[in-house]
file query14.pdb (PDB, C-alpha atoms)
ATOM      1  CA  TRP A   1      91.370 101.093 107.808
ATOM      2  CA  LEU A   2      89.998  98.661 110.343
ATOM      3  CA  PHE A   3      90.405  94.952 109.630
ATOM      4  CA  HIS A   4      87.811  92.831 111.467
ATOM      5  CA  ASP A   5      88.231  89.124 112.268
ATOM      6  CA  VAL A   6      91.811  88.891 111.072
ATOM      7  CA  VAL A   7      93.296  85.436 110.589
ATOM      8  CA  LEU A   8      96.884  85.828 111.736
ATOM      9  CA  PRO A   9      99.340  86.620 110.382
ATOM     10  CA  LEU A  10      98.796  89.353 107.805
ATOM     11  CA  SER A  11     102.467  88.997 106.950
ATOM     12  CA  SER A  12     102.194  89.888 103.279
ATOM     13  CA  LEU A  13      99.857  92.896 103.664
ATOM     14  CA  MET A  14     102.375  95.563 104.689
ATOM     15  CA  PRO A  15     105.011  94.531 102.117
ATOM     16  CA  HIS A  16     102.287  94.697  99.449
ATOM     17  CA  ILE A  17     101.162  98.155 100.625
ATOM     18  CA  MET A  18     104.756  99.420 100.801
ATOM     19  CA  ALA A  19     105.577  98.138  97.313
ATOM     20  CA  THR A  20     102.419  99.701  95.869
ATOM     21  CA  VAL A  21     103.039 103.076  97.526
ATOM     22  CA  LEU A  22     106.715 103.097  96.570
ATOM     23  CA  LYS A  23     105.935 102.241  92.939
ATOM     24  CA  ASP A  24     103.155 104.831  92.666
ATOM     25  CA  VAL A  25     105.164 107.640  94.232
ATOM     26  CA  ALA A  26     108.291 106.847  92.203
ATOM     27  CA  ASN A  27     106.295 106.987  88.959
ATOM     28  CA  TYR A  28     104.293 110.089  89.815
ATOM     29  CA  SER A  29     104.755 113.677  88.828
ATOM     30  CA  PHE A  30     102.057 116.114  87.904
ATOM     31  CA  SER A  31     101.111 119.559  86.792
ATOM     32  CA  SER A  32      99.139 121.333  89.437
ATOM     33  CA  SER A  33      95.394 121.131  88.925
ATOM     34  CA  SER A  34      94.712 124.008  91.288
ATOM     35  CA  ALA A  35      92.767 127.073  90.277
ATOM     36  CA  ASP A  36      96.090 128.896  89.840
ATOM     37  CA  SER A  37      97.218 127.816  86.369
ATOM     38  CA  ASN A  38     100.395 129.894  86.716
ATOM     39  CA  LYS A  39     102.061 127.144  88.790
ATOM     40  CA  ASP A  40     103.734 123.873  87.859
ATOM     41  CA  SER A  41     104.277 121.332  90.622
ATOM     42  CA  VAL A  42     106.437 118.236  90.802
ATOM     43  CA  LEU A  43     106.392 115.632  93.552
ATOM     44  CA  LYS A  44     109.767 114.124  94.506
ATOM     45  CA  MET A  45     110.545 111.322  96.934
ATOM     46  CA  LYS A  46     113.298 112.153  99.413
ATOM     47  CA  ASP A  47     113.280 109.146 101.784
ATOM     48  CA  PHE A  48     111.386 105.911 102.285
ATOM     49  CA  HIS A  49     111.950 103.971 105.521
ATOM     50  CA  CYS A  50     110.167 100.704 106.141
ATOM     51  CA  TRP A  51     109.789  98.333 109.048
ATOM     52  CA  LYS A  52     107.832  95.128 109.570
ATOM     53  CA  SER A  53     104.515  96.879 110.239
ATOM     54  CA  ALA A  54     105.148 100.522 109.300
ATOM     55  CA  PHE A  55     106.688 102.931 106.820
ATOM     56  CA  LEU A  56     107.752 106.577 106.808
ATOM     57  CA  LEU A  57     107.799 108.438 103.507
ATOM     58  CA  GLU A  58     109.279 111.896 103.079
ATOM     59  CA  LEU A  59     108.257 113.846  99.988
ATOM     60  CA  ARG A  60     108.997 117.237  98.504
ATOM     61  CA  LEU A  61     106.488 119.270  96.517
ATOM     62  CA  ILE A  62     108.422 121.650  94.270
ATOM     63  CA  THR A  63     106.288 124.410  92.789
ATOM     64  CA  THR A  64     107.442 126.820  90.096
ATOM     65  CA  GLN A  65     105.575 130.050  89.347
ATOM     66  CA  ALA A  66     105.207 130.236  85.550
ATOM     67  CA  THR A  67     105.253 134.030  85.452
ATOM     68  CA  THR A  68     108.251 134.654  87.730
ATOM     69  CA  GLY A  69     110.124 131.361  87.635
ATOM     70  CA  GLU A  70     110.232 131.416  91.452
ATOM     71  CA  ARG A  71     110.529 127.938  92.974
ATOM     72  CA  THR A  72     109.196 126.951  96.361
ATOM     73  CA  GLN A  73     109.523 123.649  98.134
ATOM     74  CA  SER A  74     107.334 122.130 100.810
ATOM     75  CA  ARG A  75     107.972 118.965 102.786
ATOM     76  CA  VAL A  76     105.408 116.279 103.610
ATOM     77  CA  GLU A  77     105.999 113.269 105.853
ATOM     78  CA  ILE A  78     103.610 110.331 105.661
ATOM     79  CA  PHE A  79     103.589 107.596 108.287
ATOM     80  CA  ALA A  80     101.625 104.347 108.077
ATOM     81  CA  HIS A  81     101.373 101.726 110.814
ATOM     82  CA  LEU A  82      99.486  98.436 111.028
ATOM     83  CA  GLY A  83      98.679  97.945 114.701
ATOM     84  CA  ALA A  84      96.887  95.495 116.946
ATOM     85  CA  ALA A  85      94.641  96.079 119.953
ATOM     86  CA  ASP A  86      97.555  95.565 122.342
ATOM     87  CA  SER A  87      99.773  98.106 120.570
ATOM     88  CA  GLU A  88     100.327 101.365 122.426
ATOM     89  CA  SER A  89     101.018 103.134 119.137
ATOM     90  CA  CYS A  90      97.713 102.061 117.556
ATOM     91  CA  VAL A  91      95.075 104.798 117.373
ATOM     92  CA  ALA A  92      91.818 103.975 119.197
ATOM     93  CA  SER A  93      93.119 100.525 120.168
ATOM     94  CA  LYS A  94      90.852 100.462 123.241
ATOM     95  CA  MET A  95      87.901 100.078 120.862
ATOM     96  CA  MET A  96      89.406  97.003 119.162
ATOM     97  CA  THR A  97      89.194  93.296 119.903
ATOM     98  CA  ASP A  98      92.138  90.887 119.696
ATOM     99  CA  SER A  99      91.082  89.758 116.217
ATOM    100  CA  MET A 100      91.246  93.299 114.758
ATOM    101  CA  ARG A 101      94.059  95.262 113.127
ATOM    102  CA  ARG A 102      94.087  98.965 112.262
ATOM    103  CA  LEU A 103      96.103 100.560 109.484
ATOM    104  CA  ALA A 104      96.600 104.244 110.248
ATOM    105  CA  VAL A 105      98.021 106.595 107.629
ATOM    106  CA  SER A 106      98.886 110.094 108.797
ATOM    107  CA  ALA A 107     100.666 113.073 107.276
ATOM    108  CA  LYS A 108     102.328 116.239 108.437
ATOM    109  CA  GLY A 109     103.629 119.183 106.509
ATOM    110  CA  GLU A 110     103.469 122.916 106.069
ATOM    111  CA  VAL A 111     100.383 124.779 107.164
ATOM    112  CA  GLY A 112      98.529 126.824 104.610
ATOM    113  CA  SER A 113      96.006 126.766 101.820
ATOM    114  CA  GLY A 114      93.595 124.681 103.882
ATOM    115  CA  GLY A 115      95.867 121.633 103.868
ATOM    116  CA  CYS A 116      96.455 121.697 100.094
ATOM    117  CA  LYS A 117     100.231 121.518 100.485
ATOM    118  CA  ILE A 118      99.895 118.259 102.416
ATOM    119  CA  TRP A 119      97.132 116.861 100.189
ATOM    120  CA  GLU A 120      98.889 117.745  96.907
ATOM    121  CA  GLY A 121     102.260 116.980  98.471
ATOM    122  CA  GLY A 122     101.596 113.253  98.323
ATOM    123  CA  TYR A 123      99.012 112.431 101.002
ATOM    124  CA  LYS A 124      96.198 112.020  98.462
ATOM    125  CA  LEU A 125      98.402 109.819  96.263
ATOM    126  CA  VAL A 126      99.453 107.615  99.192
ATOM    127  CA  LEU A 127      95.862 107.176 100.413
ATOM    128  CA  GLN A 128      94.806 106.144  96.907
ATOM    129  CA  SER A 129      97.737 103.716  96.682
ATOM    130  CA  VAL A 130      96.952 102.186 100.075
ATOM    131  CA  GLU A 131      93.273 101.831  99.148
ATOM    132  CA  ARG A 132      94.206 100.073  95.906
ATOM    133  CA  ALA A 133      96.720  97.801  97.661
ATOM    134  CA  ILE A 134      94.149  96.803 100.303
ATOM    135  CA  ASN A 135      91.546  96.053  97.633
ATOM    136  CA  GLU A 136      94.067  93.911  95.731
ATOM    137  CA  TYR A 137      95.018  92.111  98.948
ATOM    138  CA  LYS A 138      91.363  91.505  99.859
ATOM    139  CA  SER A 139      90.635  90.006  96.445
ATOM    140  CA  GLN A 140      93.575  87.594  96.793
ATOM    141  CA  HIS A 141      93.325  86.843 100.550
ATOM    142  CA  SER A 142      89.677  87.327 101.475
ATOM    143  CA  GLN A 143      89.838  84.478 103.984
ATOM    144  CA  ASP A 144      92.701  86.198 105.907
ATOM    145  CA  CYS A 145      91.387  89.698 106.488
ATOM    146  CA  GLY A 146      87.628  89.458 107.002
ATOM    147  CA  LYS A 147      85.667  92.696 106.789
ATOM    148  CA  VAL A 148      87.681  95.856 106.103
ATOM    149  CA  GLU A 149      86.306  99.346 106.619
ATOM    150  CA  ARG A 150      87.880 102.728 106.046
ATOM    151  CA  GLU A 151      87.763 104.997 109.083
ATOM    152  CA  ILE A 152      88.759 108.510 109.970
ATOM    153  CA  VAL A 153      90.053 108.844 113.508
ATOM    154  CA  CYS A 154      90.778 112.237 115.048
TER     155      CYS A 154
END
call {"tool": "encode", "arguments": {"input": "query14.pdb", "output": "structure tokens"}}
result
Amino acid sequence: WLFHDVVLPLSSLMPHIMATVLKDVANYSFSSSSADSNKDSVLKMKDFHCWKSAFLLELRLITTQATTGERTQSRVEIFAHLGAADSESCVASKMMTDSMRRLAVSAKGEVGSGGCKIWEGGYKLVLQSVERAINEYKSQHSQDCGKVEREIVC
């Protein structure tokens, strides 16, 4: 997400995003909605580390085959960082002005199934939580964050 014309500081944005993500992940478990109805999946939180402008979330997707009872586990790590134009760790910061901030949310996990293990392993849930948190923040602090647009940066 790219925040244009930010009125500094955005001090309450990251705590709000972290609280929303933490609450949503802690309350979430699901039955797999994949085409394979012989699997049950549960999402578990392993670790949540937070800093002033970033967080790292480690999740486990535990899948049980209904027919065999075999359990598999995949790990997904999700990192979010709110960066400024002068931050070396901010993606595409060269394209930003001093009044902009970029919130990048990235994930890594096991390869396979076209990214489904990462997507179902919590990335989709976290993106939805972040989107909701930003919308809530914008409605309460519209004068602080200016225009906000969702971007995909590769």
call {"tool": "resolve_selection", "arguments": {"input": "query14.pdb", "expression": "the PyMOL selection byres ((chain A and resi 5) around 6)", "output": "PyMOL selection string"}}
result
chain A and resi 4+6+99-100+146
call {"tool": "residues_around", "arguments": {"input": "query14.pdb", "residues": "Ala19 (chain A)", "least_positions_apart": "3", "cutoff": "12 Å", "atoms": "all atoms listed in the file", "output": "ChimeraX atom specification"}}
result
/A:12-16,22-26,48-50,55,126,129-130,132-134
call {"tool": "atom_distance", "arguments": {"input": "query14.pdb", "atom1": "CA of Phe79 (chain A)", "atom2": "CA of Glu58 (chain A)"}}
result
8.8 Å
call {"tool": "residues_near_point", "arguments": {"input": "query14.pdb", "point": "(99.6, 118.9, 102.4)", "cutoff": "12 Å", "atoms": "all atoms listed in the file", "output": "PyMOL selection string"}}
result
chain A and resi 43+58-61+73-78+106-126
call {"tool": "atom_distance", "arguments": {"input": "query14.pdb", "atom1": "CA of Gln128 (chain A)", "atom2": "CA of Val21 (chain A)"}}
result
8.8 Å
call {"tool": "resolve_selection", "arguments": {"input": "query14.pdb", "expression": "the PyMOL selection byres ((chain A and resi 149) around 12)", "output": "list in words"}}
result
Trp1, Leu2, Phe3, His4, Asp5, Met100, Arg101, Arg102, Leu103, Ala104, Glu131, Ile134, Asn135, Lys138, Cys145, Gly146, Lys147, Val148, Arg150, Glu151 and Ile152 of chain A
call {"tool": "closest_residue", "arguments": {"input": "query14.pdb", "among": "A:Leu57, A:Ala66, A:Leu127, A:Ile17", "to": "Leu82 (chain A)", "atoms": "only C-alpha atoms"}}
result
A:Ile17
call {"tool": "closest_residue", "arguments": {"input": "query14.pdb", "among": "A:Ala80, A:Lys46, A:Ser11, A:Asp40", "to": "Ile62 (chain A)", "atoms": "all atoms listed in the file"}}
result
A:Asp40
call {"tool": "atom_distance", "arguments": {"input": "query14.pdb", "atom1": "CA of Ser87 (chain A)", "atom2": "CA of Met45 (chain A)"}}
result
29.1 Å
call {"tool": "closest_residue", "arguments": {"input": "query14.pdb", "among": "A:Ser53, A:Ser139, A:Gln65, A:Thr72", "to": "Met18 (chain A)", "atoms": "only C-alpha atoms"}}
result
A:Ser53
call {"tool": "closest_residue", "arguments": {"input": "query14.pdb", "among": "A:Ser41, A:Ala54, A:Tyr28, A:Asp98", "to": "Gly69 (chain A)", "atoms": "only C-alpha atoms"}}
result
A:Ser41
